[in-house]
Amino acid sequence: MTRVLITGAAAGIGAALAEHYLAAGAEVVGIDVAPCAPKVRSLACELSEPRALEALLATLAEEPEFDIVVHNAGINVTGAFEKTPIEAQMRVIAINLTAPLLLTAGLLKAERLARGGTLAFVSSLSHQVGYPGAAVYAASKDGLTHYARSLAVTLGPIDANVLTVFPGPTRTAQAREASPPDSDESARMDPAVLAASMARAIHKRQRTLVPGLGNKVFAFLGRNLPRLTERGMRKAIYEKLP
Ligand SMILES: NC(=O)c1ccc[n+]([C@@H]2O[C@H](COP(=O)([O-])OP(=O)(O)OC[C@H]3O[C@@H](n4cnc5c(N)ncnc54)[C@H](OP(=O)(O)O)[C@@H]3O)[C@@H](O)[C@H]2O)c1
C-alpha cells in the first residue's frame, strides 16, 4: 500500500490532499498542530519547535518507509514589512523553510523515503510574480524552491523525484486571512482540484507544477513582464491590506 506523509494535513490544501490519497486507497499520515480527518493517522507537532520536530523524527524513524512526502504546512504574515513584528516574520521562515529542511534531513538520514519515492514541496506562485505585502513569505517560498531544485540533483542514488508546486490563490483559511476584506473567494482554486493536480504531477514524476491555466498565464507574465504583475498585485492586494 502506498504510504503518504503530509504536513499541515488538518486543513486546507493538506486536508484535500489527504482526502485524495485516502480515496485512492493509500495510507496517510498527517502532521499538524490540530487533529486530521479520522482516517488519517495524526501526528501532533508544532513544526516551528525544534524539540517537537526531533520527537516527531524519532517517531517517524520507527515507521515503514514513505512513498510520498509532502511538505505542505505553511503560514503567511501580511502587511508592510516595517510595520509587522519581526518575531512573526521569523516564524514564517521557521515553519515555511526551516521545518521542511529539518524534516527532510531527518527522513533522508533515517532512510525513510522509499526508493523511487517523491518529495513534494508546496511553494507559491509568488516565486514567479513576487508578493508585495508578504516579502518574508515570498522569501521563504523562494528559499524552499531553490532548496528543492538543488536537492533533486542529489537524490539519484534512491531514484527519488522532487516536485515543487506553485499554487496561486486557493480557497483556504490562509488565503482568506491574507487577503483584503472585499476579495472574491469564488475566484480561488478549489483545494480538491489542486490536490488532484498535485497527485497527477507526483504520479508523472514532474519536477514542477503551476496548477491551472490562470496561474500559468500569471506566472508567464510575472517572469516576462514583472513590472506589470507587480503593479497589479500592489493595487489588488497590498494597497487594500489593513
Ligand atoms: N491558500 C493559498 O492561496 C496558497 C497559495 C500558495 C501557496 N500556499 C501554500 O500552501 C500550503 C498550505 O496552505 P493552506 O492555504 O492550505 O493553509 P491552511 O488552510 O492555513 O492550512 C495549513 C495547515 O497547516 C497547519 N500548520 C500551520 N502552521 C503549523 C505548524 N507550525 N505546525 C504544524 N502545523 C501547522 C495549520 O494549522 P492551524 O490552522 O491550526 O494553524 C493548517 O492545518 C502553505 O504552505 C501555503 O503557504 C497556499
# chains A, B, ... in the order shown; residues from 1 in each chain; ligands from 1
call {"tool": "residues_near_ligand", "arguments": {"ligand": "ligand 1", "cutoff": "9 Å", "atoms": "only C-alpha atoms and all ligand atoms", "output": "ChimeraX atom specification"}}
result
/A:7-16,31-36,44-49,71-76,91-92,94-96,99,121-126,137,141,165-178,188-189,191
call {"tool": "closest_atom_pairs", "arguments": {"of": "range 133-199 of chain A", "to": "range 102-114 of chain A", "cutoff": "10 Å", "atoms": "only C-alpha atoms", "output": "JSON lines"}}
result
{"residue": "A:Leu155", "atom": "CA", "partner": "A:Leu108", "partner_atom": "CA", "distance": 9.6}
{"residue": "A:Ile158", "atom": "CA", "partner": "A:Ala114", "partner_atom": "CA", "distance": 7.6}
{"residue": "A:Asp159", "atom": "CA", "partner": "A:Ala114", "partner_atom": "CA", "distance": 9.1}
{"residue": "A:Ala160", "atom": "CA", "partner": "A:Ala114", "partner_atom": "CA", "distance": 7.9}
call {"tool": "atom_distance", "arguments": {"atom1": "CA of Leu228 in chain A", "atom2": "CA of Leu97 in chain A"}}
result
28.1 Å
call {"tool": "closest_atom_pairs", "arguments": {"of": "range 55-159 of chain A", "to": "range 206-226 of chain A", "cutoff": "12 Å", "atoms": "only C-alpha atoms", "output": "Markdown table"}}
result
| residue | atom | partner | partner_atom | distance |
| --- | --- | --- | --- | --- |
| A:Thr118 | CA | A:Gln206 | CA | 9.8 |
| A:Leu119 | CA | A:Arg207 | CA | 10.1 |
| A:Ala120 | CA | A:Arg207 | CA | 9.0 |
| A:Phe121 | CA | A:Thr208 | CA | 9.5 |
| A:Val122 | CA | A:Leu209 | CA | 9.7 |
| A:Ser123 | CA | A:Leu209 | CA | 9.9 |
| A:Ser124 | CA | A:Val210 | CA | 8.8 |
| A:Leu125 | CA | A:Ala219 | CA | 6.8 |
| A:Ser126 | CA | A:Ala219 | CA | 8.6 |
| A:His127 | CA | A:Ala219 | CA | 8.5 |
| A:Gln128 | CA | A:Ala219 | CA | 5.3 |
| A:Val129 | CA | A:Gly222 | CA | 4.3 |
| A:Gly130 | CA | A:Gly222 | CA | 7.7 |
| A:Tyr131 | CA | A:Gly222 | CA | 10.7 |
| A:Thr145 | CA | A:Thr208 | CA | 9.6 |
| A:His146 | CA | A:Thr208 | CA | 11.8 |
| A:Ala148 | CA | A:Arg207 | CA | 9.3 |
| A:Arg149 | CA | A:Arg207 | CA | 8.3 |
| A:Ser150 | CA | A:Arg207 | CA | 11.4 |
| A:Leu151 | CA | A:Arg207 | CA | 11.4 |
| A:Ala152 | CA | A:Arg207 | CA | 8.4 |
| A:Val153 | CA | A:Arg207 | CA | 10.8 |
call {"tool": "closest_residue", "arguments": {"among": "A:Leu101, A:Val70, A:Pro50, A:Ala134", "to": "Ala88 in chain A", "atoms": "only C-alpha atoms"}}
result
A:Ala134
call {"tool": "select_by_dssp", "arguments": {"residues": "range 60-218 of chain A", "states": "helix (DSSP H, G or I)", "output": "ChimeraX atom specification"}}
result
/A:60-61,81-83,86-109,126-129,135-154,156-158,173-178,185-187,191-203,213-218
call {"tool": "select_by_dssp", "arguments": {"residues": "range 78-120 of chain A", "states": "strand (DSSP E or B)", "output": "count of residues only"}}
result
8
call {"tool": "residues_around", "arguments": {"residues": "Pro242 in chain A", "least_positions_apart": "3", "cutoff": "9 Å", "atoms": "only C-alpha atoms", "output": "list in words"}}
result
Gly79, Pro180, Pro181, Tyr238 and Glu239 of chain A
call {"tool": "residues_around", "arguments": {"residues": "Gly133 in chain A", "least_positions_apart": "3", "cutoff": "9 Å", "atoms": "only C-alpha atoms", "output": "list in words"}}
result
Val77, Thr78, Gly79, Ala80, Phe81, Val136, Arg234, Ile237, Tyr238, Glu239 and Leu241 of chain A
